[in-house]
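Encoded as C-alpha cells, the structure appears first; notes follow it.
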Amino acid sequence: MVTRVVVTGTGTPIADPDRAGPGVLVSHDDIHLQFDAGRATVMRLAATGIALQDLTALFLTHQHSDHVVGLADLLMTRWLDGTGTDGRSLPVYAPSGMASDLVQHILVPWQQELAMRNDHTGYPGRPTAEVHDFEPPSRPQRIFSREGLTVEAVQVRHEPVPGAVGYRVTTPDGIVVISGDTAVCEEVANLAAGADVLVHEVFDLSALPAGTVSDARKIAAYHSDPGAVGSLAQRAGVATLMMTHLIPAPQTVDDYARFVQAARSGGFEGEIIACDDLATVQF
C-alpha cells in the first residue's frame, strides 16, 4: 500500500485562476482525508480521481474564509453527484468555536433549494456534515483513528484567529504533517518530528511587491517566512517539504527557485517543492 499526498489548493484570499484555495488530500488505501476546503476544492478533487462520495472525512485547520469557502460546495456536490452517499453525512473535524459553528450552519441558507431538489428528484436525505468538534490541544492529541491510520491535532500560532490547528497523519507507510496557517513555532516543529512529508505555508515578505496587500508586515507576522520553515524542517528531521499558500504566488521559474533557495537558506537538506495545485508526493 502507498500513502499519497496531493496539495489540492495552493492559493490565498487573493483570487488566482491557477490556484485553488488551500487544501491537502491524504490517501492511504481506501481512506481519503481532505484538509481544508478553499475555493474550487471540488474541482481539484475531481482531478485527483477521488469521488466525493469516497471521502472518509474532512478536517479544518481554522476559520478563515479562504480555507472554508468551498465547504458548502463540497457538501452539496457530494450529494448531487448521485445517490452514492444514500444521504450519509460527511464527518467534519473542526476546532471548537468559530470553525465548528460554521460547519453546523453552513447549509442553512440552502435549505429551500435542497427541499425543492428533494421533491423534484427524490434524492434521499440532505447533504449534511457530521460535526466532530474538539478543543485545540496544546500538545498533539489523537482525534481520528481508522485501520492503522491516525490523525493528531495541535494548536498553532495564527493569532488573533482563535484555535487554529495543524495536523499529523500517521499511516502504515509514514507521517504527513499539515501546518495550516501559522507563524513558525515549536508546536509545528514538534508535530513534524520525523515526518516523511511536511506541507507548510510560506509568506516571503521580502519578495512581495509594494502595495500588494495592506499592512503587509502585520499579515506576515502570523504567517511563515520560507527560510524559517526550512530551518524548522531541518531540525524536525523532515524528508520532504511541500511549500503551499504561497505569498507572493510564483509566476516564473525564478520565482519558484527563490522560494526553494529561501528554504535552503534555513539549512534544509531534504527535498523541497514550491507547490502548484495538484503537486503530489507518494511514499
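Order determines the names: the first chain of the C-alpha cells is A, the second B, and so forth; residues in each chain are numbered 1 upward, and ligands are numbered 1 upward as they are shown.
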> as a PyMOL selection string, which residues of stretch 74-252 of chain A does DSSP assign to strand (DSSP E or B)?
Replying inline: chain A and resi 90-95+129-134+141-146+149-155+165-171+174-178+197-203+240-247
Write the selection just made, keeping C-alpha atoms, as a CSV table (one decimal), in the first residue's frame?
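The result, written out as selection_34.csv:
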```csv
chain,number,residue,atom,x,y,z
A,90,LEU,CA,-19.6,13.7,5.8
A,91,PRO,CA,-17.7,13.6,9.0
A,92,VAL,CA,-16.0,17.0,9.5
A,93,TYR,CA,-13.5,17.6,12.3
A,94,ALA,CA,-13.1,21.2,13.3
A,95,PRO,CA,-11.7,23.2,16.2
A,129,ALA,CA,-21.9,17.4,8.0
A,130,GLU,CA,-21.4,15.2,10.9
A,131,VAL,CA,-19.6,17.6,13.2
A,132,HIS,CA,-16.7,16.4,15.4
A,133,ASP,CA,-15.5,19.4,17.3
A,134,PHE,CA,-12.6,19.4,19.6
A,141,GLN,CA,-3.9,14.8,20.6
A,142,ARG,CA,-5.4,12.0,18.6
A,143,ILE,CA,-8.8,12.9,17.2
A,144,PHE,CA,-9.2,10.3,14.5
A,145,SER,CA,-8.2,6.6,14.0
A,146,ARG,CA,-9.1,4.0,11.4
A,149,LEU,CA,-4.2,5.4,10.4
A,150,THR,CA,-4.4,8.1,13.0
A,151,VAL,CA,-4.8,11.9,12.9
A,152,GLU,CA,-3.4,14.1,15.7
A,153,ALA,CA,-4.1,17.9,16.1
A,154,VAL,CA,-2.3,20.6,18.0
A,155,GLN,CA,-2.9,24.4,18.3
A,165,VAL,CA,-4.6,23.9,14.4
A,166,GLY,CA,-2.1,21.8,12.5
A,167,TYR,CA,-2.5,18.0,11.9
A,168,ARG,CA,-0.2,15.0,11.9
A,169,VAL,CA,-1.4,12.0,9.9
A,170,THR,CA,0.3,8.7,10.6
A,171,THR,CA,-0.3,5.8,8.2
A,174,GLY,CA,4.9,7.0,7.4
A,175,ILE,CA,3.9,10.5,8.5
A,176,VAL,CA,2.4,13.6,6.9
A,177,VAL,CA,2.1,16.9,8.7
A,178,ILE,CA,0.0,19.8,7.6
A,197,VAL,CA,6.2,15.0,4.3
A,198,LEU,CA,5.6,18.4,5.8
A,199,VAL,CA,3.1,20.6,4.0
A,200,HIS,CA,3.8,24.1,5.3
A,201,GLU,CA,2.5,27.6,4.4
A,202,VAL,CA,5.0,30.3,3.4
A,203,PHE,CA,5.0,34.1,3.1
A,240,THR,CA,10.2,16.3,2.0
A,241,LEU,CA,9.0,19.9,2.4
A,242,MET,CA,6.0,20.9,0.3
A,243,MET,CA,5.5,24.7,0.5
A,244,THR,CA,2.0,26.0,-0.1
A,245,HIS,CA,-0.3,29.0,0.5
A,246,LEU,CA,2.5,30.8,-1.4
A,247,ILE,CA,2.7,34.5,-0.9
```
>> Based on the backbone DSSP call, show me all residues of stretch 54-277 of chain A assigned alpha helix (DSSP H), as a VMD selection string.
In response: chain A and resid 65 to 68 71 to 80 98 to 105 111 to 121 186 to 191 216 to 220 226 to 236 253 to 265
Give me a file of those residues, with C-alpha atoms, as a PDB file, in the first residue's frame.
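out_5.pdb written:
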```
ATOM      1  CA  SER A  65     -12.704  32.301   4.563  1.00  0.00           C
ATOM      2  CA  ASP A  66     -10.041  31.150   2.112  1.00  0.00           C
ATOM      3  CA  HIS A  67      -9.808  27.790   3.946  1.00  0.00           C
ATOM      4  CA  VAL A  68     -13.535  27.070   4.254  1.00  0.00           C
ATOM      5  CA  LEU A  71     -17.212  23.647   2.186  1.00  0.00           C
ATOM      6  CA  ALA A  72     -20.828  24.223   1.137  1.00  0.00           C
ATOM      7  CA  ASP A  73     -19.892  23.351  -2.449  1.00  0.00           C
ATOM      8  CA  LEU A  74     -18.199  20.146  -1.310  1.00  0.00           C
ATOM      9  CA  LEU A  75     -21.159  19.018   0.805  1.00  0.00           C
ATOM     10  CA  MET A  76     -23.795  19.779  -1.811  1.00  0.00           C
ATOM     11  CA  THR A  77     -21.852  18.468  -4.809  1.00  0.00           C
ATOM     12  CA  ARG A  78     -21.071  15.258  -2.918  1.00  0.00           C
ATOM     13  CA  TRP A  79     -24.850  14.797  -2.575  1.00  0.00           C
ATOM     14  CA  LEU A  80     -25.785  15.988  -6.059  1.00  0.00           C
ATOM     15  CA  MET A  98     -15.839  29.713  15.058  1.00  0.00           C
ATOM     16  CA  ALA A  99     -14.826  26.802  12.828  1.00  0.00           C
ATOM     17  CA  SER A 100     -17.202  24.188  14.242  1.00  0.00           C
ATOM     18  CA  ASP A 101     -20.039  26.751  14.428  1.00  0.00           C
ATOM     19  CA  LEU A 102     -19.576  27.487  10.735  1.00  0.00           C
ATOM     20  CA  VAL A 103     -19.796  23.794   9.833  1.00  0.00           C
ATOM     21  CA  GLN A 104     -23.026  23.395  11.814  1.00  0.00           C
ATOM     22  CA  HIS A 105     -24.709  26.286   9.994  1.00  0.00           C
ATOM     23  CA  GLN A 111     -32.491  24.667   2.807  1.00  0.00           C
ATOM     24  CA  GLN A 112     -35.232  25.905   0.473  1.00  0.00           C
ATOM     25  CA  GLU A 113     -33.300  24.836  -2.605  1.00  0.00           C
ATOM     26  CA  LEU A 114     -32.458  21.470  -1.057  1.00  0.00           C
ATOM     27  CA  ALA A 115     -36.125  20.866  -0.235  1.00  0.00           C
ATOM     28  CA  MET A 116     -37.036  21.686  -3.835  1.00  0.00           C
ATOM     29  CA  ARG A 117     -34.442  19.208  -5.111  1.00  0.00           C
ATOM     30  CA  ASN A 118     -35.760  16.549  -2.723  1.00  0.00           C
ATOM     31  CA  ASP A 119     -39.263  16.983  -4.091  1.00  0.00           C
ATOM     32  CA  HIS A 120     -38.168  17.066  -7.719  1.00  0.00           C
ATOM     33  CA  THR A 121     -35.576  14.268  -7.853  1.00  0.00           C
ATOM     34  CA  GLU A 186       7.716  24.929  18.236  1.00  0.00           C
ATOM     35  CA  GLU A 187       4.248  23.373  18.152  1.00  0.00           C
ATOM     36  CA  VAL A 188       4.662  22.620  14.440  1.00  0.00           C
ATOM     37  CA  ALA A 189       8.316  21.635  14.898  1.00  0.00           C
ATOM     38  CA  ASN A 190       7.295  19.041  17.480  1.00  0.00           C
ATOM     39  CA  LEU A 191       4.355  17.877  15.369  1.00  0.00           C
ATOM     40  CA  ALA A 216       1.930  43.534   4.818  1.00  0.00           C
ATOM     41  CA  ARG A 217       4.126  43.273   7.921  1.00  0.00           C
ATOM     42  CA  LYS A 218       1.149  42.647  10.179  1.00  0.00           C
ATOM     43  CA  ILE A 219      -0.093  39.901   7.858  1.00  0.00           C
ATOM     44  CA  ALA A 220       3.374  38.358   7.521  1.00  0.00           C
ATOM     45  CA  PRO A 226      10.332  30.278   3.984  1.00  0.00           C
ATOM     46  CA  GLY A 227      13.828  30.441   5.451  1.00  0.00           C
ATOM     47  CA  ALA A 228      12.456  29.861   8.937  1.00  0.00           C
ATOM     48  CA  VAL A 229      10.326  27.000   7.607  1.00  0.00           C
ATOM     49  CA  GLY A 230      13.454  25.422   6.108  1.00  0.00           C
ATOM     50  CA  SER A 231      15.184  25.678   9.470  1.00  0.00           C
ATOM     51  CA  LEU A 232      12.192  24.121  11.240  1.00  0.00           C
ATOM     52  CA  ALA A 233      12.027  21.248   8.722  1.00  0.00           C
ATOM     53  CA  GLN A 234      15.740  20.521   9.132  1.00  0.00           C
ATOM     54  CA  ARG A 235      15.531  20.492  12.937  1.00  0.00           C
ATOM     55  CA  ALA A 236      12.482  18.243  12.798  1.00  0.00           C
ATOM     56  CA  VAL A 253      10.919  29.811 -12.912  1.00  0.00           C
ATOM     57  CA  ASP A 254      12.959  32.320 -10.941  1.00  0.00           C
ATOM     58  CA  ASP A 255      10.055  32.914  -8.556  1.00  0.00           C
ATOM     59  CA  TYR A 256       9.820  29.201  -7.752  1.00  0.00           C
ATOM     60  CA  ALA A 257      13.592  28.994  -7.355  1.00  0.00           C
ATOM     61  CA  ARG A 258      13.507  31.926  -4.939  1.00  0.00           C
ATOM     62  CA  PHE A 259      11.170  30.055  -2.593  1.00  0.00           C
ATOM     63  CA  VAL A 260      13.358  26.951  -2.753  1.00  0.00           C
ATOM     64  CA  GLN A 261      16.543  28.950  -2.168  1.00  0.00           C
ATOM     65  CA  ALA A 262      14.947  30.709   0.786  1.00  0.00           C
ATOM     66  CA  ALA A 263      14.078  27.371   2.406  1.00  0.00           C
ATOM     67  CA  ARG A 264      17.614  26.119   1.678  1.00  0.00           C
ATOM     68  CA  SER A 265      18.997  29.220   3.401  1.00  0.00           C
TER      69      SER A 265
END
```
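Interatomic distance, atom CA of A:Pro209 against atom CA of A:Gly70: 28.2 Å.
Picture a line from atom CA of A:Ile106 to atom CA of A:Ser138; it runs 27.6 Å.
Interatomic distance, atom CA of A:Leu208 to atom CA of A:Ala249: 9.2 Å.
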> Can you tell me, as a VMD selection string, what residues are no more than 7 Å from stretch 27-34 of chain A when counting only C-alpha atoms, ignoring any on the same chain fewer than 3 positions away?
Replying inline: chain A and resid 1 to 5 24 55 to 59
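The residue that comes closest to A:His158, out of A:Val108, A:Ala15, A:Ala51, A:Ala221 and on the basis of only C-alpha atoms, is A:Ala221.
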